[in-house]
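Participant: For reference, the file input15.cif (mmCIF, C-alpha atoms and all ligand atoms) is included below:
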data_entry
#
loop_
_atom_site.label_atom_id
_atom_site.label_comp_id
_atom_site.auth_asym_id
_atom_site.auth_seq_id
_atom_site.Cartn_x
_atom_site.Cartn_y
_atom_site.Cartn_z
CA MET T 52 11.55 -12.37 -15.10
CA THR T 53 9.06 -10.86 -12.62
CA THR T 54 8.73 -12.43 -9.19
CA GLU T 55 5.39 -14.00 -8.30
CA ARG T 56 3.39 -12.03 -5.71
CA VAL T 57 0.94 -14.18 -3.77
CA LEU T 58 -2.25 -12.81 -2.23
CA TRP T 59 -4.53 -14.75 0.14
CA ILE T 60 -8.13 -13.54 0.28
CA THR T 61 -10.79 -14.59 2.78
CA GLY T 62 -14.40 -14.13 1.70
CA GLY T 63 -13.03 -14.55 -1.81
CA GLY T 64 -16.10 -16.30 -3.20
CA SER T 65 -18.39 -13.28 -3.37
CA GLY T 66 -18.82 -9.53 -3.12
CA MET T 67 -15.81 -7.41 -2.24
CA GLY T 68 -13.48 -10.38 -1.72
CA ALA T 69 -14.23 -11.69 -5.21
CA ALA T 70 -13.89 -8.22 -6.78
CA SER T 71 -10.61 -7.66 -4.93
CA ALA T 72 -9.33 -10.99 -6.22
CA ALA T 73 -10.24 -10.10 -9.80
CA ALA T 74 -8.62 -6.65 -9.56
CA ALA T 75 -5.46 -8.01 -7.94
CA ALA T 76 -5.19 -10.83 -10.50
CA ARG T 77 -5.46 -8.27 -13.33
CA SER T 78 -2.56 -6.46 -11.70
CA GLY T 79 -0.45 -9.63 -11.74
CA TRP T 80 -1.01 -11.11 -8.29
CA THR T 81 -1.47 -14.85 -7.90
CA VAL T 82 -4.64 -15.07 -5.81
CA VAL T 83 -5.58 -17.75 -3.29
CA LEU T 84 -9.28 -17.72 -2.45
CA SER T 85 -10.75 -18.92 0.84
CA GLY T 86 -14.32 -19.12 2.14
CA ARG T 87 -16.67 -21.91 3.13
CA ARG T 88 -18.54 -22.48 -0.17
CA ALA T 89 -16.17 -24.25 -2.57
CA GLU T 90 -18.45 -23.79 -5.59
CA GLN T 91 -18.47 -19.99 -5.13
CA LEU T 92 -14.68 -19.94 -4.88
CA ASP T 93 -14.37 -22.13 -7.99
CA ALA T 94 -16.62 -19.80 -9.98
CA VAL T 95 -14.50 -16.77 -9.03
CA ALA T 96 -11.26 -18.65 -9.79
CA ASP T 97 -12.61 -19.79 -13.18
CA GLY T 98 -13.43 -16.18 -14.08
CA ILE T 99 -9.95 -15.02 -13.12
CA ARG T 100 -8.31 -17.80 -15.17
CA ALA T 101 -10.53 -17.00 -18.15
CA ASP T 102 -9.20 -13.43 -17.87
CA GLY T 103 -5.61 -14.72 -18.01
CA GLY T 104 -4.97 -14.56 -14.25
CA THR T 105 -3.74 -17.17 -11.77
CA ALA T 106 -6.05 -18.34 -9.00
CA GLN T 107 -6.15 -21.16 -6.46
CA VAL T 108 -8.99 -22.25 -4.20
CA LEU T 109 -8.57 -23.30 -0.56
CA PRO T 110 -12.02 -23.67 1.06
CA LEU T 111 -12.14 -23.18 4.83
CA ASP T 112 -14.01 -21.66 7.74
CA VAL T 113 -11.96 -18.68 8.98
CA THR T 114 -13.04 -19.32 12.56
CA ASP T 115 -11.22 -22.70 12.53
CA PRO T 116 -7.57 -22.04 13.47
CA ASP T 117 -6.39 -25.51 12.40
CA ALA T 118 -7.95 -25.13 8.95
CA VAL T 119 -6.42 -21.66 8.59
CA ARG T 120 -2.94 -22.90 9.53
CA ALA T 121 -3.27 -25.87 7.16
CA ALA T 122 -4.21 -23.51 4.31
CA ARG T 123 -1.27 -21.26 5.16
CA ASP T 124 1.01 -24.30 4.99
CA THR T 125 -0.41 -25.19 1.57
CA VAL T 126 0.20 -21.66 0.26
CA ILE T 127 3.82 -21.72 1.42
CA ALA T 128 4.39 -25.30 0.18
CA GLU T 129 3.02 -24.47 -3.29
CA HIS T 130 4.25 -20.90 -3.82
CA GLY T 131 7.10 -20.51 -1.32
CA ARG T 132 5.90 -17.06 -0.31
CA LEU T 133 2.99 -14.87 0.77
CA ASP T 134 2.96 -11.16 -0.06
CA GLY T 135 -0.50 -10.00 0.89
CA LEU T 136 -3.75 -10.67 2.73
CA VAL T 137 -7.22 -9.35 2.03
CA LEU T 138 -9.51 -10.15 4.95
CA ALA T 139 -13.06 -9.82 3.63
CA ALA T 140 -14.94 -12.65 5.40
CA GLY T 141 -17.65 -11.09 7.53
CA LEU T 142 -20.98 -11.72 9.23
CA ASN T 143 -23.97 -9.78 10.54
CA ALA T 144 -27.53 -10.77 11.49
CA PRO T 145 -30.97 -9.16 11.15
CA ALA T 146 -31.55 -9.34 14.93
CA ARG T 147 -28.83 -6.91 15.98
CA ARG T 148 -30.22 -4.79 18.82
CA TRP T 149 -29.85 -5.37 22.57
CA ASP T 150 -33.58 -6.20 22.68
CA ASP T 151 -33.50 -8.88 19.98
CA GLN T 152 -29.93 -10.22 19.56
CA THR T 153 -28.92 -13.59 21.01
CA MET T 154 -25.56 -14.17 22.66
CA GLY T 155 -24.99 -17.06 20.25
CA SER T 156 -25.31 -14.69 17.31
CA PHE T 157 -23.17 -12.06 19.07
CA GLN T 158 -20.43 -14.67 19.52
CA SER T 159 -20.56 -15.82 15.87
CA ILE T 160 -20.32 -12.25 14.57
CA VAL T 161 -17.35 -11.41 16.82
CA ASP T 162 -15.71 -14.77 15.98
CA THR T 163 -15.98 -14.07 12.24
CA ASN T 164 -15.38 -10.32 12.07
CA LEU T 165 -12.70 -9.95 14.74
CA THR T 166 -11.20 -13.17 16.09
CA ALA T 167 -10.87 -14.76 12.65
CA VAL T 168 -9.06 -11.68 11.34
CA ALA T 169 -6.56 -12.21 14.16
CA ILE T 170 -6.37 -15.96 13.44
CA VAL T 171 -5.57 -15.50 9.73
CA THR T 172 -3.17 -12.62 10.38
CA ASP T 173 -1.35 -14.61 13.07
CA ALA T 174 -0.99 -17.60 10.75
CA ALA T 175 0.23 -15.44 7.86
CA LEU T 176 2.60 -13.13 9.74
CA PRO T 177 5.81 -15.18 9.62
CA ALA T 178 5.51 -15.36 5.83
CA LEU T 179 4.49 -11.68 5.54
CA ARG T 180 7.60 -10.68 7.55
CA GLU T 181 9.71 -12.44 4.91
CA THR T 182 8.23 -10.39 2.08
CA GLY T 183 7.35 -7.10 3.79
CA GLY T 184 3.74 -7.99 3.07
CA VAL T 185 0.59 -5.90 2.95
CA VAL T 186 -2.64 -6.60 4.85
CA VAL T 187 -6.01 -5.14 3.84
CA VAL T 188 -8.61 -5.51 6.58
CA ILE T 189 -12.10 -5.01 5.14
CA SER T 190 -13.78 -3.35 8.08
CA SER T 191 -16.79 -1.05 7.68
CA TYR T 192 -18.09 2.49 7.86
CA ALA T 193 -19.33 1.20 11.24
CA GLY T 194 -15.70 0.53 12.15
CA TRP T 195 -14.82 4.15 11.44
CA SER T 196 -17.75 5.99 13.02
CA PHE T 197 -20.70 4.82 15.07
CA GLN T 198 -23.62 3.73 12.87
CA PRO T 199 -26.81 3.19 14.91
CA GLY T 200 -28.30 0.55 12.58
CA ALA T 201 -25.21 -1.60 12.12
CA GLY T 202 -25.74 -3.81 15.16
CA VAL T 203 -24.30 -4.27 18.65
CA ALA T 204 -21.92 -7.11 17.75
CA TYR T 205 -21.14 -5.87 14.24
CA SER T 206 -20.23 -2.33 15.39
CA ALA T 207 -18.12 -3.60 18.28
CA SER T 208 -16.26 -6.13 16.13
CA LYS T 209 -15.60 -3.76 13.24
CA THR T 210 -14.53 -0.92 15.56
CA ALA T 211 -11.99 -3.28 17.15
CA LEU T 212 -10.44 -3.89 13.72
CA GLY T 213 -9.12 -0.32 13.80
CA SER T 214 -7.17 -1.18 16.94
CA LEU T 215 -6.01 -4.51 15.52
CA THR T 216 -4.71 -2.77 12.38
CA ARG T 217 -2.90 -0.07 14.37
CA SER T 218 -1.14 -2.58 16.62
CA LEU T 219 -0.07 -4.51 13.53
CA ASN T 220 1.39 -1.37 11.98
CA GLN T 221 3.05 -0.26 15.20
CA GLN T 222 4.67 -3.62 15.96
CA GLU T 223 5.36 -5.08 12.52
CA ALA T 224 6.72 -2.03 10.67
CA GLN T 225 10.21 -3.23 11.59
CA HIS T 226 9.56 -6.17 9.23
CA GLY T 227 8.10 -4.01 6.48
CA VAL T 228 4.59 -5.29 7.13
CA ARG T 229 1.86 -2.70 6.39
CA ALA T 230 -1.85 -2.87 7.15
CA THR T 231 -4.88 -0.87 6.04
CA HIS T 232 -8.16 -0.47 7.92
CA LEU T 233 -10.51 -0.19 4.94
CA CYS T 234 -13.92 1.19 5.88
CA PRO T 235 -16.54 0.96 3.14
CA GLY T 236 -19.99 2.48 3.37
CA ASP T 237 -22.91 0.76 1.65
CA VAL T 238 -21.86 -1.72 -1.04
CA ALA T 239 -24.38 -3.61 -3.18
CA THR T 240 -23.52 -7.22 -2.28
CA ASP T 241 -25.25 -10.30 -0.87
CA PHE T 242 -24.35 -8.97 2.59
CA LEU T 243 -27.37 -6.65 2.47
CA ALA T 244 -29.66 -9.68 2.84
CA GLN T 245 -28.61 -9.72 6.52
CA ARG T 246 -30.25 -6.33 7.20
CA PRO T 247 -33.57 -6.15 9.09
CA GLN T 248 -34.96 -4.21 6.10
CA VAL T 249 -33.34 -5.53 2.94
CA PRO T 250 -32.63 -2.66 0.48
CA ASP T 251 -34.56 -2.71 -2.80
CA GLU T 252 -33.11 -2.27 -6.29
CA ALA T 253 -33.43 1.53 -6.19
CA ALA T 254 -31.49 1.69 -2.92
CA ARG T 255 -28.80 -0.67 -4.25
CA ALA T 256 -28.42 1.38 -7.42
CA VAL T 257 -26.87 4.31 -5.53
CA MET T 258 -24.50 2.18 -3.44
CA LEU T 259 -20.87 1.39 -4.16
CA THR T 260 -20.24 -1.68 -6.30
CA PRO T 261 -17.90 -4.52 -5.31
CA GLU T 262 -15.72 -3.37 -8.23
CA ASP T 263 -15.31 0.06 -6.58
CA ILE T 264 -13.81 -1.75 -3.60
CA GLY T 265 -11.75 -4.07 -5.81
CA ARG T 266 -10.12 -1.05 -7.46
CA THR T 267 -9.42 0.47 -4.04
CA VAL T 268 -7.91 -2.73 -2.68
CA ALA T 269 -5.67 -3.07 -5.76
CA PHE T 270 -4.49 0.52 -5.19
CA VAL T 271 -3.48 -0.38 -1.62
CA LEU T 272 -1.85 -3.67 -2.64
CA ASP T 273 0.17 -2.08 -5.42
CA ALA T 274 1.47 0.88 -3.39
CA PRO T 275 5.29 0.92 -3.18
CA ALA T 276 6.77 -1.06 -0.28
CA HIS T 277 7.66 2.10 1.68
CA VAL T 278 4.04 3.35 1.59
CA ARG T 279 1.58 2.51 4.36
CA ILE T 280 -2.09 3.44 4.00
CA ASP T 281 -3.29 3.27 7.59
CA GLU T 282 -6.99 3.84 7.01
CA LEU T 283 -9.27 4.40 4.04
CA VAL T 284 -12.92 5.41 4.22
CA ILE T 285 -14.89 5.01 1.00
CA SER T 286 -18.61 5.62 0.66
CA PRO T 287 -21.21 6.29 -1.99
CA VAL T 288 -22.08 9.96 -2.40
CA SER T 289 -25.53 9.03 -1.09
CA GLN T 290 -24.19 7.63 2.24
CA ARG T 291 -25.94 9.02 5.34
N1 LIG T 301 -21.95 -4.81 1.82
C1 LIG T 301 -21.78 -3.76 2.60
O1 LIG T 301 -22.54 -2.77 2.56
C2 LIG T 301 -20.58 -3.72 3.53
C3 LIG T 301 -20.20 -2.47 4.02
C4 LIG T 301 -19.07 -2.38 4.83
C5 LIG T 301 -18.35 -3.52 5.13
N2 LIG T 301 -18.75 -4.73 4.68
C6 LIG T 301 -17.89 -5.87 4.98
O2 LIG T 301 -17.30 -6.31 3.78
C7 LIG T 301 -16.87 -7.66 3.90
C8 LIG T 301 -17.28 -8.41 2.64
O3 LIG T 301 -18.70 -8.47 2.57
P1 LIG T 301 -19.50 -8.31 1.22
O4 LIG T 301 -20.32 -7.09 1.34
O5 LIG T 301 -18.58 -8.48 0.06
O6 LIG T 301 -20.55 -9.51 1.34
P2 LIG T 301 -20.54 -11.04 0.93
O7 LIG T 301 -20.53 -11.19 -0.54
O8 LIG T 301 -21.66 -11.66 1.69
O9 LIG T 301 -19.13 -11.57 1.48
C9 LIG T 301 -18.92 -12.11 2.75
C10 LIG T 301 -17.98 -13.29 2.56
O10 LIG T 301 -17.55 -13.77 3.82
C11 LIG T 301 -17.44 -15.20 3.71
N3 LIG T 301 -17.53 -15.76 5.05
C12 LIG T 301 -18.47 -15.48 6.00
N4 LIG T 301 -18.24 -16.24 7.09
C13 LIG T 301 -17.15 -17.00 6.82
C14 LIG T 301 -16.45 -17.99 7.54
N5 LIG T 301 -16.81 -18.34 8.78
N6 LIG T 301 -15.37 -18.56 6.96
C15 LIG T 301 -14.99 -18.21 5.72
N7 LIG T 301 -15.61 -17.28 4.99
C16 LIG T 301 -16.69 -16.69 5.53
C17 LIG T 301 -18.60 -15.60 2.81
O11 LIG T 301 -18.33 -16.82 2.15
P3 LIG T 301 -18.94 -18.23 2.62
O12 LIG T 301 -20.36 -17.98 3.07
O13 LIG T 301 -18.83 -19.09 1.41
O14 LIG T 301 -18.06 -18.70 3.72
C18 LIG T 301 -18.63 -14.45 1.81
O15 LIG T 301 -17.86 -14.75 0.66
C19 LIG T 301 -17.50 -8.17 5.19
O16 LIG T 301 -16.50 -8.23 6.17
C20 LIG T 301 -18.53 -7.11 5.56
O17 LIG T 301 -18.67 -6.99 6.96
C21 LIG T 301 -19.86 -4.85 3.89
#
Translate the structure of the given file into structure tokens.
Facilitator:
Amino acid sequence: MTTERVLWITGGGSGMGAASAAAAARSGWTVVLSGRRAEQLDAVADGIRADGGTAQVLPLDVTDPDAVRAARDTVIAEHGRLDGLVLAAGLNAPARRWDDQTMGSFQSIVDTNLTAVAIVTDAALPALRETGGVVVVISSYAGWSFQPGAGVAYSASKTALGSLTRSLNQQEAQHGVRATHLCPGDVATDFLAQRPQVPDEAARAVMLTPEDIGRTVAFVLDAPAHVRIDELVISPVSQR
């Protein structure tokens, strides 16, 4: 009998989170999908079940610590364990320069991209220590090197995820917990609608696909327990 491995994914209703869920489920993980739009999560879960996988839906806003802790409690109550996290929920805005951003938007982007990653990780850590769990932080190319167009708040929040991942690895290795700062370049997802100039079909055609990231995430998740992949940068050949 193989032991169930349970993976909790934020941003699981679309794009890279959904593709990561599908790839992990194909590899035998039980996936728990979180995001705000329940119908999106249900559609992804239905697809995984139709493929023979196991999926559960727990809708929430990642910036709400009480909702995150309640979902964590549900995961542990129903499965008795948590073996992995994929943190894909993210936010940007078209007005992203010092001369057009608002502080309200800055705050929302940092809350979603940085503080919520800490909130979910903090809630999950006791369970991850039990299993020697793996954490995949979906950061960005802009979290790996400075990208002028990515935005003031987005660049700052994603860059900070490198530090967050390193402190996790430095302090939690004693419990077997491993974290990866995953830095994708352009990926053809709904996220591109938040750009000041939304890429057209020709531009999207040369980008990475969500499935490229799903395959990469599954590779990290399925690495042996003694292997830590600190950082991964993945970009389309066309990336500038
Ligand atoms: N696409 C790119 O070129 C690219 C490149 C590098 C990095 N990234 C990063 O990749 C990650 C995934 O993005 P994607 O490209 O796959 O785009 P996406 O399909 O738009 O995914 C973003 C997800 O985040 C969820 N989300 C946003 N705010 C949330 C909140 N407050 N609470 C819960 N869930 C929330 C959204 O679901 P709900 O709206 O239903 O909540 C959505 O499923 C993001 O962190 C993004 O910064 C994207």
Participant: Name the residues, using the chain letters and numbers of the file, that sit within 9 Å of (-15.8, -21.8, 10.2) when counting only C-alpha atoms, and give them as a ChimeraX atom specification.
Facilitator: /T:86-87,111-116,118,163,167
Participant: Neighbours of ligand LIG 301 (chain T) at 6 Å or closer, counting all atoms listed in the file: which residues, as JSON, numbers by chain?
Facilitator: {"T": [61, 62, 63, 64, 65, 66, 67, 68, 86, 87, 88, 111, 112, 113, 114, 139, 140, 141, 142, 163, 189, 190, 191, 192, 235, 236, 237, 238, 239, 240, 241, 242, 243]}
Participant: Just the residues within 9 Å of Gly184 in chain T, please, counting only C-alpha atoms, with nothing from its chain fewer than 4 positions along; format it as a PyMOL selection string.
Facilitator: chain T and resi 133-136+176+178-180+226-230+276
Participant: Taking only C-alpha atoms into account, which of T:Ala274, T:Val161, T:Ala70, T:Val284 comes nearest Thr260 in chain T?
Facilitator: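 Between T:Ala274, T:Val161, T:Ala70, T:Val284, the residue approaching Thr260 in chain T most closely is T:Ala70.
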Participant: Work out how far CA of Val137 in chain T is from CA of Gly79 in chain T, in Å to one decimal.
Facilitator: 15.3 Å
Participant: Hey, can you check how far CA of Asn143 in chain T sits from CA of Gly202 in chain T?
Facilitator: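 Taking CA of Asn143 in chain T as the start and CA of Gly202 in chain T as the end point, the length is 7.8 Å.
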Participant: So which one's closest to Pro247 in chain T, T:Thr105, T:Ser71, T:Gln152, T:Ser78? Using only C-alpha atoms, please.
Facilitator: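 That would be T:Gln152, the residue with the smallest distance to Pro247 in chain T.
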Participant: Got a sec: who's within 12 Å of Ala254 in chain T, counting only C-alpha atoms, leaving out chain neighbours fewer than 2 positions off, as a list in words?
Facilitator: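 Close residues of Ala254 in chain T: Asp237, Val238, Ala239, Thr240, Leu243, Gln248, Val249, Pro250, Asp251, Glu252, Ala256, Val257, Met258, Leu259, Pro287, Ser289 and Gln290 of chain T.
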Participant: With distances taken over all atoms listed in the file, which residue among T:Leu272, T:Met154, T:Leu212, T:Leu109 lies nearest Glu90 in chain T?
Facilitator: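 Among the listed residues, the smallest separation from Glu90 in chain T belongs to T:Leu109.
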Participant: Quick one: pull the distance between CA of Arg77 in chain T and CA of Gly104 in chain T, Å, one decimal.
Facilitator: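 Result for CA of Arg77 in chain T versus CA of Gly104 in chain T: 6.4 Å, one decimal.
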Participant: Taking only C-alpha atoms into account, name the residue in T:Ala69, T:Val268, T:Leu92, T:Ala128 that is nearest to Val188 in chain T.
Facilitator: T:Val268
Participant: Using only C-alpha atoms, find each residue in range 172-280 of chain T having at least one atom no more than 8 Å away from range 156-160 of chain T; report its shortest atom-to-atom pair and that distance in Å (one decimal), rows by chain then rising number, as CSV.
Facilitator:
residue,atom,partner,partner_atom,distance
T:Val203,CA,T:Phe157,CA,7.9
T:Ala204,CA,T:Phe157,CA,5.3
T:Tyr205,CA,T:Ile160,CA,6.4
T:Ser208,CA,T:Ile160,CA,7.5
Participant: Return the single residue from T:Val288, T:Leu84, T:Ala244, T:Leu283 that is closest to Ala106 in chain T, with distances computed using only C-alpha atoms.
Facilitator: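 Among the listed residues, T:Leu84 lies closest to Ala106 in chain T.
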Participant: As JSON, what would the box around range 240-248 of chain T look like: edges along x, y and z, 3 Å added on every side, centre and edge lengths in Å to one decimal?
Facilitator:
{"center_x": -29.2, "center_y": -7.3, "center_z": 3.4, "size_x": 17.4, "size_y": 12.1, "size_z": 17.4}
Participant: So, with all atoms listed in the file as the atoms that count, which of T:Ser286, T:Ala146, T:Glu129, T:Arg255 lies closest to Trp195 in chain T?
Facilitator: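 Smallest separation from Trp195 in chain T among the options: T:Ser286.
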